[in-house]
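A.B. asks: Here's a structure for you.
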Amino acid sequence: MESPYSPNIGGMTYQSPLLEAPGAVAPPDGHPEQGVPWHWGDPFAEQRTATRSVAVVDRSHREVLKVTGPERLSWLHLVISQHVTELAEGTGTEALVLDSQGHVDTHMVLAHVEGAVYLDSDPGAKATSALPKGGPQTLREYLEAMKFWSQVEISDVTGELAVLTVLGPDADRVLSTLDIALPATPYAVVAVGGGFARRMPWPGRSSVDLAVPRAELAAWWRRITDAGARPAGSWAFDALRVESLRPRLGVDTDERTIPHEVNWIGSAAHVAKGCYRGQETVAKVYNVGRPPRRMVLLHLDGSPEVYPETGDAVRLGDRVVGRVGSVAQHHELGPVALALLKRSVPVDAELLAGEEDRVVQAAVDPDSVPAEHVGQGREAAARLRG
């Protein structure tokens with residue numbers, strides 16, 4: 001059964017209670033962050049505060065699953081892309097569910113605390129059924145179908161926990177005011193008031209997720225803002241996420257995306273462990289091949305005051321060489337976008353991004369181009385050739 005807090009269930013759309021707060025502005029129709037504040041009146045000031053001081057973002061539309069039982073780690077190890085058999089209490093990581101061809105179905109962030117592993121994902125998380133007929137399932141349905149005789153229990157706790165994210169170099173000062181002692185290590189986790197706090201390495205250089213009781217969401221928001229955090233919207237979060245070169249599933253990915261194309265190798269997909277669906281593609285591309293595309297940051301010409309949209313083509317001359325993902329207006333970088341481009345596109349190419357009346361000039365940020373990985377299999381083949 002899908003969570004009642006999913007973005008679209010039977011025509012009912014989740015609306016955060018914080019959207020009723022003074023100053024909260026809802027996102028436009030069709031925006032992927034429906035249900036939570038888009039900004040609080042000054043999105044650029046919110047970004048600046050999130051990079052220079054501290055801000056808090058409502059991300060309560062995220063879905064949260066809870067996995068318990070004595071075999072929770074060994075079972076999860078078999079069904080997700082990350083190595084988690086030794087995921088210690090008080091730590092977390094990122095992981096994916098892939099289809100049989102290695103294409104990305106779902107991205108999630110984990111937190112292991114007090115005998116449970118929490119998996120939180122963007123709203124509407126889906127996975128391809130392992131049954132012969134295939135087809136999409138909710139993430140929970142997929143995991144339930146993969147339990148077999150494992151000693152695990154899976155529960156949807158989206159109705160119980162809501163995610164808030166504290167951003168900025170002064171985040172620890174806010175945590176201290178809230179009596180939360182969180183280690184500085186990325187993905188460190190501590191139990192907090194029926195939920196947990198988790199240190200994240202993105203967006204920006206200082207980010208902390210707080211999964212708090214949903215019934216106390218407004219009260220936690222007040223506590224955090226009273227401690228000095230400025231309210232910020234999903235606009236600010238996304239702009240900093242784009243700057244950090246972190247993809248959002250379904251926006252920066254399509255049905256053909258493999259983890260190597262969007263910087264999820266290592267951070268969310270383990271290349272050496274076996275026994276998970278799609279692992280053959282992950283290992284083969286990493287060791288022998290090269291991904292057909294790569295995600296880069298595009299600087300967009302803002303002078304026409306029009307912007308491409310997610311899914312629009314990126315062209316080199318008359319040839320389509322990629323697709324636009326997240327588009328953001330950044331407080332320092334100006335209009336930017338993440339894009340999946342063919343590997344053959346030169347870094348210094350003069351590109352056009354967009355369709356119809358929203359075509360603008362675009363240039364690749366050379367610092368965003370991932371370092372070339374040469375797999376051991378490619379090296380061995382090269383030595384054999386001469």
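Scheme for the structure tokens: letters A, B, ... for chains in order shown; per-chain residue numbers from 1; ligand numbers from 1 in order shown.
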May I have the residues within 10 Å of A:His373 as a ChimeraX atom specification, using only C-alpha atoms and disregarding those fewer than 6 positions away in the same chain?
C.D. replies: /A:286-287,289-290
A.B. asks: Please save C-alpha atoms of the selected residues as a short mmCIF file (atom, residue, chain, number, x, y, z; two decimals), in the first residue's frame.
C.D. replies:
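To be explicit, this is the file written out as result-v6.cif:
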data_model
loop_
_atom_site.label_atom_id
_atom_site.label_comp_id
_atom_site.auth_asym_id
_atom_site.auth_seq_id
_atom_site.Cartn_x
_atom_site.Cartn_y
_atom_site.Cartn_z
CA TYR A 286 33.50 0.21 -14.44
CA ASN A 287 36.16 -2.38 -15.26
CA GLY A 289 33.83 -0.03 -20.68
CA ARG A 290 32.92 3.62 -20.38
#
A.B. asks: Residues at most 8 Å from stretch 158-168 of chain A, counting only C-alpha atoms, excluding those fewer than 2 positions away in the same chain, as a ChimeraX atom specification?
C.D. replies: /A:3-5,49-65,156,170-171,195,203-215,217,229
A.B. asks: Could you name the residues that touch A:Val345 at 10 Å or less, counting only C-alpha atoms, but leaving out those on the same chain fewer than 4 positions away, as a PyMOL selection string?
C.D. replies: chain A and resi 293-294+315-316+321-322+341+349-351+364
A.B. asks: Based on the selection just made, write C-alpha atoms of those residues as a compact mmCIF listing (two decimals), in the first residue's frame.
C.D. replies:
# COMPACT_ATOMS: atom_id res chain seq x y z
CA ARG A 293 27.04 9.87 -21.19
CA ARG A 294 28.26 12.02 -18.35
CA ARG A 315 22.39 20.48 -29.19
CA LEU A 316 25.79 20.91 -30.76
CA VAL A 321 23.94 15.53 -27.84
CA GLY A 322 22.17 15.41 -24.49
CA LEU A 341 25.81 14.82 -22.45
CA ALA A 349 31.78 23.19 -27.22
CA GLU A 350 29.29 25.98 -27.88
CA LEU A 351 25.96 24.39 -27.07
CA VAL A 364 30.05 23.26 -19.92
A.B. asks: Report as a Markdown table the residues of stretch 307-371 of chain A within 12 Å of stretch 16-38 of chain A, each with its shortest atom pair and distance in Å (one decimal), using only C-alpha atoms, ordered by chain and increasing residue number.
C.D. replies:
| residue | atom | partner | partner_atom | distance |
| --- | --- | --- | --- | --- |
| A:Glu309 | CA | A:His31 | CA | 10.8 |
| A:Thr310 | CA | A:His31 | CA | 10.2 |
| A:Gly325 | CA | A:Pro32 | CA | 11.7 |
| A:Ser326 | CA | A:Pro32 | CA | 10.1 |
| A:Val327 | CA | A:His31 | CA | 11.3 |
A.B. asks: Determine which residues of stretch 101-157 of chain A DSSP labels as helix (DSSP H, G or I) from the backbone of this structure, then write them out as a ChimeraX atom specification.
C.D. replies: /A:139-145
A.B. asks: To one decimal in Å, tell me the separation between atom CA of A:Ala188 and atom CA of A:Leu175.
C.D. replies: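 Distance reported for this atom pair: 13.7 Å.
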A.B. asks: Determine the nearest neighbour of A:Asp105 from the options A:Asp301, A:Asp179, A:Asp318, A:Asp122, counting only C-alpha atoms.
C.D. replies: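 Among A:Asp301, A:Asp179, A:Asp318, A:Asp122, it is A:Asp122 that comes nearest to A:Asp105.
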A.B. asks: Give me the residues near A:Gly334 as a list in words, where near means some atom within 9 Å (using only C-alpha atoms) and where sequence neighbours in that chain fewer than 2 positions away do not count.
C.D. replies: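 What passes the distance filter is His299, Leu300, Asp301, Gly302, Ala328, Gln329, His330, His331, Glu332 and Val336 of chain A.
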A.B. asks: Find, counting only C-alpha atoms, the residue in A:Glu216, A:Glu280, A:Asp172, A:Glu372 that gets nearest to A:Ala197.
C.D. replies: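 Of the candidates, the smallest distance to A:Ala197 is held by A:Asp172.
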A.B. asks: Would you please give, as JSON, numbers by chain, all residues of stretch 206-381 of chain A that DSSP assigns to strand (DSSP E or B) based on the backbone?
C.D. replies: {"A": [207, 208, 209, 210, 211, 212, 213, 230, 231, 232, 265, 269, 293, 294, 295, 296, 297, 298, 299, 300, 313, 314, 315, 316, 319, 320, 321, 322, 323, 324, 325, 326, 327, 328, 329, 330, 334, 335, 336, 337, 338, 339, 340, 341, 342, 351, 352, 353, 360, 361, 362, 363, 364]}
A.B. asks: Could you tell me how far atom CA of A:Asp120 sits from atom CA of A:Thr225, in Å to one decimal place?
C.D. replies: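 Answer for the atom CA of A:Thr225 to atom CA of A:Asp120 separation: 23.5 Å.
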A.B. asks: So, counting only C-alpha atoms, which residue among A:Ala353, A:Leu340, A:Val104, A:Val296 is closest to A:Leu245?
C.D. replies: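 Closest to A:Leu245, using only C-alpha atoms: A:Val296.
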A.B. asks: Rounded to one decimal, what separation in Å do you get between atom CA of A:Arg246 and atom CA of A:Tyr187?
C.D. replies: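 Computing the Euclidean distance for atom CA of A:Arg246 and atom CA of A:Tyr187 yields 15.6 Å.
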A.B. asks: Hey, which of A:Asp99, A:Glu141, A:Glu86, A:Glu46 ends up closest to A:Val282? Count only C-alpha atoms.
C.D. replies: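 For A:Val282, the nearest of the given residues is A:Asp99.
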